[in-house]
>>> print(open('final.csv').read())   # CSV, C-alpha atoms (C1' of nucleotides)
chain,number,residue,atom,x,y,z
A,1,MET,CA,-55.7,18.6,56.9
A,2,ARG,CA,-56.9,21.3,59.2
A,3,SER,CA,-54.9,24.5,59.2
A,4,LEU,CA,-52.1,24.8,61.7
A,5,PHE,CA,-52.8,26.8,64.9
A,6,HIS,CA,-50.4,29.6,65.9
A,7,PRO,CA,-50.9,31.6,69.1
A,8,ALA,CA,-50.8,35.4,68.9
A,9,ILE,CA,-47.6,36.6,70.5
A,10,GLU,CA,-49.5,38.2,73.4
A,11,ASP,CA,-51.0,34.8,74.2
A,12,VAL,CA,-47.6,33.2,74.5
A,13,ARG,CA,-46.8,32.2,78.0
A,14,PRO,CA,-43.3,31.7,79.6
A,15,GLU,CA,-44.2,28.3,81.1
A,16,THR,CA,-45.2,27.0,77.7
A,17,ILE,CA,-41.9,28.1,76.2
A,18,LEU,CA,-39.9,26.6,79.0
A,19,HIS,CA,-41.9,23.3,78.8
A,20,ALA,CA,-41.3,23.2,75.0
A,21,LEU,CA,-37.6,23.8,75.4
A,22,ALA,CA,-37.1,21.6,78.4
A,23,ASP,CA,-36.9,18.7,76.0
A,24,PRO,CA,-33.4,18.5,74.6
A,25,ASN,CA,-34.7,17.1,71.3
A,26,ARG,CA,-37.1,20.0,70.9
A,27,ALA,CA,-34.4,22.5,71.9
A,28,ALA,CA,-32.1,21.0,69.3
A,29,ILE,CA,-34.8,21.2,66.6
A,30,PHE,CA,-35.5,24.9,67.5
A,31,ALA,CA,-31.8,25.7,67.5
A,32,LYS,CA,-31.5,24.1,64.1
A,33,ILE,CA,-34.5,26.0,62.7
A,34,MET,CA,-32.9,29.2,63.8
A,35,GLN,CA,-29.4,28.6,62.5
A,36,ALA,CA,-30.6,27.0,59.2
A,37,GLY,CA,-31.8,30.4,57.9
A,38,CYS,CA,-35.1,30.1,59.8
A,39,VAL,CA,-36.6,27.7,57.2
A,40,GLU,CA,-36.6,23.9,57.6
A,41,ALA,CA,-38.8,21.0,56.5
A,42,CYS,CA,-39.9,18.8,59.3
A,43,SER,CA,-38.3,15.8,57.7
A,44,ALA,CA,-35.0,17.6,57.4
A,45,VAL,CA,-34.6,17.0,61.1
A,46,SER,CA,-34.9,13.3,61.6
A,47,ALA,CA,-32.3,12.4,64.2
A,48,VAL,CA,-30.7,14.0,67.2
A,49,GLY,CA,-27.3,12.6,68.2
A,50,ASP,CA,-27.4,8.9,67.4
A,51,ARG,CA,-31.1,8.4,67.9
A,52,VAL,CA,-33.6,8.4,65.1
A,53,ILE,CA,-36.8,10.2,66.1
A,54,PRO,CA,-40.0,8.5,64.8
A,55,LYS,CA,-42.2,10.5,62.5
A,56,SER,CA,-45.1,10.6,65.0
A,57,SER,CA,-42.8,11.9,67.7
A,58,LEU,CA,-41.3,14.5,65.4
A,59,SER,CA,-44.8,15.7,64.4
A,60,ASN,CA,-45.7,16.1,68.0
A,61,HIS,CA,-42.4,18.0,68.8
A,62,PHE,CA,-43.2,20.5,66.0
A,63,LYS,CA,-46.7,20.9,67.3
A,64,VAL,CA,-45.4,21.6,70.8
A,65,LEU,CA,-43.0,24.2,69.4
A,66,ARG,CA,-45.7,25.7,67.2
A,67,GLU,CA,-48.2,26.0,70.0
A,68,ALA,CA,-45.6,27.4,72.4
A,69,GLY,CA,-45.3,30.3,69.9
A,70,LEU,CA,-41.7,29.5,69.0
A,71,ILE,CA,-42.1,28.6,65.4
A,72,ARG,CA,-44.5,29.3,62.5
A,73,SER,CA,-45.3,26.5,60.2
A,74,GLU,CA,-46.6,26.8,56.7
A,75,ARG,CA,-47.5,24.2,54.2
A,76,HIS,CA,-45.7,24.6,50.9
A,77,GLY,CA,-46.9,21.9,48.6
A,78,VAL,CA,-46.4,18.6,50.2
A,79,GLU,CA,-44.0,19.8,52.9
A,80,VAL,CA,-44.2,22.2,55.8
A,81,ARG,CA,-41.7,25.0,56.3
A,82,ASN,CA,-40.9,26.2,59.8
A,83,HIS,CA,-39.8,29.7,60.6
A,84,SER,CA,-38.6,30.7,64.0
A,85,ARG,CA,-40.6,33.4,65.7
A,86,TRP,CA,-37.4,34.6,67.5
A,87,THR,CA,-37.9,38.3,66.8
A,88,GLU,CA,-41.5,38.3,68.2
A,89,VAL,CA,-40.6,36.2,71.2
A,90,GLU,CA,-37.5,38.3,71.9
A,91,ALA,CA,-39.6,41.4,71.8
A,92,ARG,CA,-42.0,39.9,74.3
A,93,PHE,CA,-39.5,38.2,76.6
A,94,PRO,CA,-36.1,39.8,76.1
A,95,GLY,CA,-33.1,37.6,76.7
A,96,LEU,CA,-35.2,34.4,77.3
A,97,LEU,CA,-34.4,32.5,74.2
A,98,ALA,CA,-30.8,33.6,74.1
A,99,GLY,CA,-30.3,32.4,77.7
A,100,ILE,CA,-31.8,29.0,76.9
A,101,ILE,CA,-30.0,28.4,73.6
A,102,ASN,CA,-26.7,29.5,75.1
A,103,ALA,CA,-27.2,27.2,78.1
A,104,TYR,CA,-27.7,24.2,75.9
A,105,ALA,CA,-24.8,25.3,73.6
A,106,SER,CA,-22.4,25.6,76.6
A,107,ASP,CA,-23.6,22.3,78.2
A,108,THR,CA,-20.8,19.7,77.8
A,109,GLY,CA,-22.6,16.9,79.7
A,110,PRO,CA,-23.3,13.3,78.6
A,111,ASP,CA,-25.7,14.3,75.9
A,112,ALA,CA,-24.1,16.1,72.9
A,113,ARG,CA,-24.8,19.8,72.4
A,114,PRO,CA,-28.2,20.2,70.7
A,115,ALA,CA,-27.2,22.9,68.3
A,116,GLU,CA,-24.5,20.7,66.9
A,117,ALA,CA,-25.9,17.2,67.5
A,118,ILE,CA,-28.6,17.4,64.9
A,119,ARG,CA,-28.0,15.6,61.7
A,120,GLN,CA,-29.4,16.1,58.2
A,121,ARG,CA,-31.3,13.2,56.6
B,1,MET,CA,-34.5,11.9,107.7
B,2,ARG,CA,-31.9,11.2,105.1
B,3,SER,CA,-29.7,14.1,104.1
B,4,LEU,CA,-30.8,16.3,101.2
B,5,PHE,CA,-29.1,15.7,97.8
B,6,HIS,CA,-27.6,18.7,95.9
B,7,PRO,CA,-26.0,18.2,92.5
B,8,ALA,CA,-22.6,19.7,91.9
B,9,ILE,CA,-22.9,22.8,89.7
B,10,GLU,CA,-21.1,21.0,86.8
B,11,ASP,CA,-23.7,18.3,86.9
B,12,VAL,CA,-26.6,20.8,86.5
B,13,ARG,CA,-28.3,20.4,83.1
B,14,PRO,CA,-30.2,23.1,81.3
B,15,GLU,CA,-33.2,20.8,80.6
B,16,THR,CA,-33.6,20.0,84.3
B,17,ILE,CA,-33.6,23.8,85.1
B,18,LEU,CA,-36.1,24.5,82.4
B,19,HIS,CA,-38.3,21.6,83.5
B,20,ALA,CA,-38.2,22.9,87.1
B,21,LEU,CA,-39.1,26.4,86.2
B,22,ALA,CA,-41.7,25.4,83.5
B,23,ASP,CA,-44.1,25.1,86.4
B,24,PRO,CA,-45.4,28.5,87.4
B,25,ASN,CA,-45.7,27.5,91.1
B,26,ARG,CA,-42.1,26.5,91.2
B,27,ALA,CA,-41.0,29.6,89.3
B,28,ALA,CA,-42.9,31.7,91.8
B,29,ILE,CA,-41.3,29.8,94.7
B,30,PHE,CA,-37.9,30.3,93.2
B,31,ALA,CA,-38.4,34.0,92.5
B,32,LYS,CA,-39.6,34.4,96.1
B,33,ILE,CA,-36.6,32.6,97.6
B,34,MET,CA,-34.3,35.0,95.6
B,35,GLN,CA,-36.0,38.2,96.5
B,36,ALA,CA,-36.6,37.3,100.1
B,37,GLY,CA,-32.9,37.6,100.8
B,38,CYS,CA,-32.2,34.1,99.6
B,39,VAL,CA,-33.5,32.4,102.8
B,40,GLU,CA,-37.0,31.0,103.2
B,41,ALA,CA,-38.6,28.2,105.2
B,42,CYS,CA,-40.6,25.8,103.1
B,43,SER,CA,-43.8,26.6,105.0
B,44,ALA,CA,-43.4,30.4,104.4
B,45,VAL,CA,-44.6,29.7,100.9
B,46,SER,CA,-47.9,28.0,101.2
B,47,ALA,CA,-50.0,29.5,98.5
B,48,VAL,CA,-49.6,31.0,95.0
B,49,GLY,CA,-52.3,33.3,94.0
B,50,ASP,CA,-55.5,32.0,95.5
B,51,ARG,CA,-54.7,28.4,95.6
B,52,VAL,CA,-53.3,26.6,98.6
B,53,ILE,CA,-50.6,24.2,97.7
B,54,PRO,CA,-50.7,20.9,99.8
B,55,LYS,CA,-47.7,20.1,101.9
B,56,SER,CA,-46.8,17.0,99.9
B,57,SER,CA,-46.8,18.9,96.7
B,58,LEU,CA,-44.8,21.7,98.2
B,59,SER,CA,-42.3,19.3,99.5
B,60,ASN,CA,-42.0,17.8,96.0
B,61,HIS,CA,-41.6,21.3,94.4
B,62,PHE,CA,-38.7,22.1,96.7
B,63,LYS,CA,-37.2,18.7,95.9
B,64,VAL,CA,-37.4,19.4,92.1
B,65,LEU,CA,-35.8,22.9,92.6
B,66,ARG,CA,-33.1,21.4,94.7
B,67,GLU,CA,-32.3,18.5,92.4
B,68,ALA,CA,-32.3,20.9,89.4
B,69,GLY,CA,-29.4,22.8,91.2
B,70,LEU,CA,-31.5,26.0,91.7
B,71,ILE,CA,-31.6,26.0,95.5
B,72,ARG,CA,-29.7,24.7,98.4
B,73,SER,CA,-31.7,23.5,101.4
B,74,GLU,CA,-30.4,23.1,104.9
B,75,ARG,CA,-32.1,21.8,108.0
B,76,HIS,CA,-32.0,24.3,110.9
B,77,GLY,CA,-33.7,22.8,113.8
B,78,VAL,CA,-37.2,21.8,112.9
B,79,GLU,CA,-37.3,23.9,109.7
B,80,VAL,CA,-35.4,23.9,106.3
B,81,ARG,CA,-33.8,27.0,105.0
B,82,ASN,CA,-33.6,27.4,101.3
B,83,HIS,CA,-30.9,29.5,99.6
B,84,SER,CA,-30.9,30.3,95.9
B,85,ARG,CA,-27.8,29.1,94.0
B,86,TRP,CA,-28.2,32.0,91.5
B,87,THR,CA,-24.5,32.9,91.5
B,88,GLU,CA,-23.3,29.4,90.7
B,89,VAL,CA,-26.0,28.9,88.1
B,90,GLU,CA,-25.4,32.3,86.6
B,91,ALA,CA,-21.7,31.5,86.3
B,92,ARG,CA,-22.5,28.2,84.5
B,93,PHE,CA,-25.3,29.4,82.3
B,94,PRO,CA,-25.1,33.2,82.0
B,95,GLY,CA,-28.4,35.0,81.4
B,96,LEU,CA,-30.5,31.9,81.7
B,97,LEU,CA,-32.2,32.6,85.1
B,98,ALA,CA,-32.5,36.3,84.4
B,99,GLY,CA,-34.3,35.7,81.2
B,100,ILE,CA,-36.7,33.2,82.8
B,101,ILE,CA,-37.5,35.3,85.8
B,102,ASN,CA,-38.0,38.4,83.7
B,103,ALA,CA,-40.3,36.5,81.3
B,104,TYR,CA,-42.5,35.5,84.2
B,105,ALA,CA,-42.3,39.0,85.8
B,106,SER,CA,-43.4,40.7,82.5
B,107,ASP,CA,-46.1,38.2,81.8
B,108,THR,CA,-49.5,39.9,82.2
B,109,GLY,CA,-51.6,36.9,81.2
B,110,PRO,CA,-54.6,35.3,83.0
B,111,ASP,CA,-52.5,34.0,85.9
B,112,ALA,CA,-51.0,36.6,88.2
B,113,ARG,CA,-47.3,37.3,88.0
B,114,PRO,CA,-45.4,34.7,90.0
B,115,ALA,CA,-42.9,37.1,91.6
B,116,GLU,CA,-45.8,39.0,93.1
B,117,ALA,CA,-48.5,36.4,93.4
B,118,ILE,CA,-47.0,34.6,96.3
B,119,ARG,CA,-48.4,35.1,99.7
B,120,GLN,CA,-47.0,34.8,103.2
B,121,ARG,CA,-48.7,32.4,105.5
C,1,DT,C1',-58.6,11.5,35.7
C,2,DC,C1',-56.7,8.0,38.6
C,3,DC,C1',-53.0,6.2,41.0
C,4,DC,C1',-48.6,6.6,43.3
C,5,DA,C1',-45.1,8.6,46.2
C,6,DT,C1',-44.0,11.7,49.7
C,7,DA,C1',-44.9,14.4,53.9
C,8,DG,C1',-47.2,14.9,57.9
C,9,DT,C1',-51.2,13.9,61.3
C,10,DT,C1',-54.1,11.1,64.2
C,11,DC,C1',-55.1,7.0,67.0
C,12,DG,C1',-54.4,4.1,70.8
C,13,DG,C1',-52.1,1.6,74.2
C,14,DA,C1',-48.0,1.0,77.2
C,15,DA,C1',-44.9,3.5,80.2
C,16,DC,C1',-44.0,7.3,82.8
C,17,DT,C1',-45.1,11.6,85.6
C,18,DT,C1',-47.7,14.5,88.6
C,19,DC,C1',-50.9,15.5,92.3
C,20,DG,C1',-52.5,15.3,96.8
C,21,DG,C1',-54.4,12.9,101.1
C,22,DA,C1',-53.0,9.9,104.8
C,23,DA,C1',-49.5,8.1,107.4
C,24,DC,C1',-44.9,8.6,108.8
C,25,DT,C1',-40.3,10.7,110.7
C,26,DA,C1',-37.4,14.3,112.8
C,27,DA,C1',-36.4,18.0,116.1
C,28,DT,C1',-37.7,20.9,119.8
C,29,DG,C1',-40.1,22.6,123.9
C,30,DG,C1',-42.7,21.8,127.8
D,1,DC,C1',-41.8,11.3,127.2
D,2,DC,C1',-45.7,13.6,125.1
D,3,DA,C1',-47.2,17.4,122.1
D,4,DT,C1',-46.3,20.3,118.5
D,5,DT,C1',-44.5,21.9,114.3
D,6,DA,C1',-42.0,20.9,109.9
D,7,DG,C1',-41.3,18.2,106.3
D,8,DT,C1',-41.0,13.5,103.8
D,9,DT,C1',-42.8,9.2,102.0
D,10,DC,C1',-46.3,6.2,100.2
D,11,DC,C1',-49.6,5.2,97.0
D,12,DG,C1',-53.7,5.5,94.0
D,13,DA,C1',-56.0,8.4,90.6
D,14,DA,C1',-55.5,11.4,86.8
D,15,DG,C1',-52.8,13.2,83.3
D,16,DT,C1',-48.9,13.2,79.9
D,17,DT,C1',-45.5,11.3,76.7
D,18,DC,C1',-43.8,8.1,73.4
D,19,DC,C1',-44.1,5.7,69.2
D,20,DG,C1',-45.9,2.1,65.8
D,21,DA,C1',-49.7,1.6,62.7
D,22,DA,C1',-53.2,3.5,60.1
D,23,DC,C1',-54.8,7.5,58.0
D,24,DT,C1',-55.1,12.1,55.3
D,25,DA,C1',-53.3,15.6,52.2
D,26,DT,C1',-50.7,17.3,48.2
D,27,DG,C1',-48.5,17.1,43.8
D,28,DG,C1',-46.7,14.5,39.8
D,29,DG,C1',-47.0,11.6,36.3
D,30,DA,C1',-49.4,8.2,32.9
>>> encode(input="final.csv", output="structure tokens")
Amino acid sequence: MRSLFHPAIEDVRPETILHALADPNRAAIFAKIMQAGCVEACSAVSAVGDRVIPKSSLSNHFKVLREAGLIRSERHGVEVRNHSRWTEVEARFPGLLAGIINAYASDTGPDARPAEAIRQR
Amino acid sequence: MRSLFHPAIEDVRPETILHALADPNRAAIFAKIMQAGCVEACSAVSAVGDRVIPKSSLSNHFKVLREAGLIRSERHGVEVRNHSRWTEVEARFPGLLAGIINAYASDTGPDARPAEAIRQR
DNA sequence: TCCCATAGTTCGGAACTTCGGAACTAATGG
DNA sequence: CCATTAGTTCCGAAGTTCCGAACTATGGGA
């Protein structure tokens, strides 16, 4: 397995972050990683709302979040632990993540709220 | 020409806003509409940086911004005037737009900063 | 050491989206 | 009306996303 790529914080671009979080599944995963003490195995997030997310899609979602600079993933034995890079991103783009996460949290539309919709396996 | 569709503010969804602003061209157009006194003919924005944006793509960008609930477009004679819906969006998702616009403004990467990169025709 | 189970990645094709040129529609002014 | 300016629609090419199947990596027994 080749080692996981993480951009330096100065290479992180706003459009990439917005693109990553424009998907409600990914926003939910990111919100979950943050509130779950910033550590989370990929497989601990296997469904959002009622819908099961296939493994290959999940793997891709984590890759998008990682390459956007939003999370840091490290292999620990057989599993990968994901840490949010909130502090770094907040220092670079103050208020950006808070605005986005709050927007999803306050959204009461047809889809459930990402931060709460996620389910443990 | 059929009349332009605008979502009610309560139908505006965070993922749609993020998707709309995840394109640096659209973010630049939106930033420009706001700082130019909230009124702007479509054709007043015809290039971002060095690249000329074709008319059909521009038309589509305005449509995406409109349907995301970010701008309001009205026909005035032969041209369309675009107003930002900042106040409404700010009331629904506080801090979201400010975070995004600041992120683009503070980005000093390879692409020029959207808020400044735009050019009058 | 070899095999198994678990965790995650890659591949590849179908479905969807985006881009942009050409043709079209709409309003206004000779 | 015809010309002009402003914007939209159409449609094909190129690119992206989704997800099942096959694959790779790691660790734990026997």
>>> interface_residues(input="final.csv", of="chain B", to="chain A", cutoff="9 Å", atoms="only C-alpha atoms", output="PyMOL selection string")
chain B and resi 10-24+27+92-104+106-109
>>> atom_distance(input="final.csv", atom1="CA of Ile29 (chain B)", atom2="CA of Glu88 (chain A)")
27.8 Å
>>> closest_residue(input="final.csv", among="C:DT1, C:DT9, C:DT25, C:DT17", to="chain A", atoms="all atoms listed in the file")
C:DT9
>>> closest_atom_pairs(input="final.csv", of="chain C", to="chain A", cutoff="10 Å", atoms="all atoms listed in the file", output="CSV")
residue,atom,partner,partner_atom,distance
C:DT6,C1',A:Val78,CA,7.3
C:DA7,C1',A:Glu79,CA,5.6
C:DG8,C1',A:Ser59,CA,7.0
C:DT9,C1',A:Ser59,CA,7.3
C:DT10,C1',A:Ser56,CA,9.0
>>> residues_around(input="final.csv", residues="DA21 (chain D)", least_positions_apart="2", cutoff="10 Å", atoms="all atoms listed in the file", output="PyMOL selection string")
(chain C and resi 11-12) or (chain D and resi 19+23)
>>> write_last_selection(input="final.csv", atoms="C-alpha atoms (C1' of nucleotides)", output="compact mmCIF listing (two decimals), in the frame of the given file")
# COMPACT_ATOMS: atom_id res chain seq x y z
C1' DC C 11 -55.10 7.00 67.00
C1' DG C 12 -54.40 4.10 70.80
C1' DC D 19 -44.10 5.70 69.20
C1' DC D 23 -54.80 7.50 58.00
>>> closest_residue(input="final.csv", among="B:Phe62, B:Lys32, B:Ala68, B:Arg85", to="chain D", atoms="all atoms listed in the file")
B:Phe62
>>> atom_distance(input="final.csv", atom1="C1' of DA15 (chain C)", atom2="C1' of DG15 (chain D)")
12.9 Å
>>> closest_atom_pairs(input="final.csv", of="chain D", to="chain A", cutoff="7 Å", atoms="all atoms listed in the file", output="CSV")
residue,atom,partner,partner_atom,distance
D:DC18,C1',A:Ser57,CA,6.9
D:DC19,C1',A:Ser57,CA,6.5
D:DT24,C1',A:Met1,CA,6.7
D:DA25,C1',A:Met1,CA,6.1
D:DT26,C1',A:Val78,CA,4.9
D:DG27,C1',A:Val78,CA,6.9
>>> atom_distance(input="final.csv", atom1="CA of Ile9 (chain A)", atom2="CA of Trp86 (chain A)")
10.8 Å
>>> residues_around(input="final.csv", residues="DC11 (chain D)", least_positions_apart="6", cutoff="12 Å", atoms="all atoms listed in the file", output="list in words")
DC19, DG20, DG21, DA22 and DA23 of chain C
>>> residues_around(input="final.csv", residues="DA3 (chain D)", least_positions_apart="2", cutoff="12 Å", atoms="all atoms listed in the file", output="JSON, numbers by chain")
{"C": [28, 29, 30], "D": [1, 5]}
>>> closest_residue(input="final.csv", among="A:Arg66, A:Asn25, A:Ser84, A:Glu40", to="Pro7 (chain A)", atoms="all atoms listed in the file")
A:Arg66
